[in-house]
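Step one of this worksheet: look at the structure below.
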Amino acid sequence: MENRNPDVDLWLENYDNPQRELVAKIRAFILDCDPAVKEAIKWQAPTFMYKGNIASFFPKAKKNVTLMFHQGASIQDEDGLLEGDGEVSRVARFVDGADFEAKKSALRTVILAWIHERS
């Protein structure tokens with residue numbers, strides 16, 4: 001993948017967390033949604049970007065994988081993937097691989113909605 005950042009590869013290699021494998025799977029999925037999605041380490045965690053920050057992993061979560069969508073309240077989310085009631089941000093949680101598989105269509109829809117709104 002051309003949009004894969006070696007800094008994030010290194011971060012994942014050193015990420016000591018029971019959810020590491022699922023984080024890697026979700027990362028690959030998000031990067032595969034659209035080649036325009038980029039990634040970097042921001043706030044000490046992998047962050048996905050397209051004309052602004054889309055979402056960052058919350059690296060301290062151990063019981064699930066949490067993605068914080070920085071401006072999630074503004075993203076079209078007809079499937080109800082995003083949780084929260086704050087004015088700006090929302091989160092998506094994935095408890096295991098099966099949960100991710102069940103939610104990945106909704107995750108793709110949210111990522112593509114972000115791109116569409118900013119294109």
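Identifiers for the structure tokens are assigned positionally: chains receive A, B, ... in sequence, residues are indexed from 1 per chain, and ligands are indexed from 1 in the order shown.
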May I have the residues within 9 Å of stretch 95-100 of chain A as a PDB file with C-alpha atoms, in the first residue's frame, using only C-alpha atoms and disregarding those fewer than 5 positions away in the same chain?
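Resulting contents of selection_19.pdb:
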ATOM      1  CA  GLN A  19      -5.487  -5.923  20.723  1.00  0.00           C
ATOM      2  CA  LEU A  22      -6.942  -6.321  15.578  1.00  0.00           C
ATOM      3  CA  LYS A  25      -6.282  -5.446  10.744  1.00  0.00           C
ATOM      4  CA  ILE A  26      -8.387  -2.293  11.188  1.00  0.00           C
ATOM      5  CA  LYS A  63     -10.599  -4.703  26.166  1.00  0.00           C
ATOM      6  CA  ASN A  64     -11.437  -3.353  22.720  1.00  0.00           C
ATOM      7  CA  VAL A  65     -10.017  -1.317  19.871  1.00  0.00           C
ATOM      8  CA  THR A  66     -11.221   2.253  20.072  1.00  0.00           C
ATOM      9  CA  LEU A 107     -16.674   1.714   9.061  1.00  0.00           C
TER      10      LEU A 107
END
Taking the DSSP assignment computed from this structure's backbone, write out as a list in words all residues of chain A that belong to strand (DSSP E).
->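 Strand (DSSP E) assignments inside chain A correspond to Lys38, Glu39, Ala40, Ile41, Lys42, Ala45, Pro46, Thr47, Phe48, Met49, Asn53, Ile54, Ala55, Ser56, Phe57, Val65, Thr66, Leu67, Met68, Phe69, Arg90, Val91, Ala92, Arg93 and Phe94 of chain A.
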If we count only C-alpha atoms, what is near A:Ile30 at a cut-off of 8 Å, once residues fewer than 4 positions away on the same chain are taken out, given as an MDAnalysis selection string?
-> chainID A and resid 26 34 37 108 111
Could you save the residues just selected, with N, CA and C atoms, as a PDB file, in the first residue's frame?
ATOM      1  N   ILE A  26      -7.556  -3.480  11.417  1.00  0.00           N
ATOM      2  CA  ILE A  26      -8.387  -2.293  11.188  1.00  0.00           C
ATOM      3  C   ILE A  26      -7.594  -1.234  10.432  1.00  0.00           C
ATOM      4  N   ASP A  34      -9.591   3.856   0.645  1.00  0.00           N
ATOM      5  CA  ASP A  34      -9.320   4.824  -0.422  1.00  0.00           C
ATOM      6  C   ASP A  34      -7.832   5.150  -0.376  1.00  0.00           C
ATOM      7  N   VAL A  37      -6.424   8.170   1.652  1.00  0.00           N
ATOM      8  CA  VAL A  37      -6.301   8.175   3.115  1.00  0.00           C
ATOM      9  C   VAL A  37      -4.827   7.969   3.462  1.00  0.00           C
ATOM     10  N   ARG A 108     -16.365   1.444   6.661  1.00  0.00           N
ATOM     11  CA  ARG A 108     -16.046   1.913   5.306  1.00  0.00           C
ATOM     12  C   ARG A 108     -16.969   3.075   4.924  1.00  0.00           C
ATOM     13  N   ILE A 111     -15.778   6.264   6.696  1.00  0.00           N
ATOM     14  CA  ILE A 111     -14.534   6.779   6.098  1.00  0.00           C
ATOM     15  C   ILE A 111     -14.828   7.440   4.754  1.00  0.00           C
TER      16      ILE A 111
END
Can you pull out every residue within 8 Å of A:Val91, counting only C-alpha atoms, but drop anything in the same chain fewer than 6 positions away, and send it as a PyMOL selection string?
-> chain A and resi 66-69+72+82-84
Would you export the selected residues with C-alpha atoms as a PDB file, in the first residue's frame, please?
ATOM      1  CA  THR A  66     -11.221   2.253  20.072  1.00  0.00           C
ATOM      2  CA  LEU A  67     -11.045   4.697  17.178  1.00  0.00           C
ATOM      3  CA  MET A  68     -11.692   8.326  18.062  1.00  0.00           C
ATOM      4  CA  PHE A  69     -13.187  10.252  15.156  1.00  0.00           C
ATOM      5  CA  GLY A  72     -17.268  12.431  14.242  1.00  0.00           C
ATOM      6  CA  LEU A  82     -20.175   6.041  16.004  1.00  0.00           C
ATOM      7  CA  GLU A  83     -20.903   6.433  19.711  1.00  0.00           C
ATOM      8  CA  GLY A  84     -21.050   9.554  21.834  1.00  0.00           C
TER       9      GLY A  84
END
DSSP alpha helix (DSSP H) residues within chain A, as number ranges by chain = A: 6-14, 20-33, 97-118
Using only C-alpha atoms: which of A:Ala61, A:Ala106, A:Ala40, A:Cys33 has the shortest distance to A:Leu81 |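 Comparing A:Ala61, A:Ala106, A:Ala40, A:Cys33 against A:Leu81, the winner is A:Ala106.
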Can you tell me how far atom CA of A:Ile115 sits from atom CA of A:Asp85, in Å to one decimal?
->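 Result for atom CA of A:Ile115 versus atom CA of A:Asp85: 22.2 Å, one decimal.
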Nearest candidate to A:Gln71 (options A:Ser56, A:Thr47, A:Asn14, A:Ser89; using only C-alpha atoms) | A:Ser89
Using only C-alpha atoms, which of A:Leu112, A:Arg4, A:Ile41, A:Arg27 sits nearest A:Asp77?
->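 For A:Asp77, the nearest of the given residues is A:Leu112.
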In Å, with one decimal, what is the gap from atom CA of A:Lys38 to atom CA of A:Trp114?
->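 So the answer is 13.1 Å.
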In terms of the shortest atom-to-atom distance over only C-alpha atoms, which of A:Lys62, A:Leu31, A:Glu21, A:Asp16 is closest to A:Met49?
->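 Smallest separation from A:Met49 among the options: A:Leu31.
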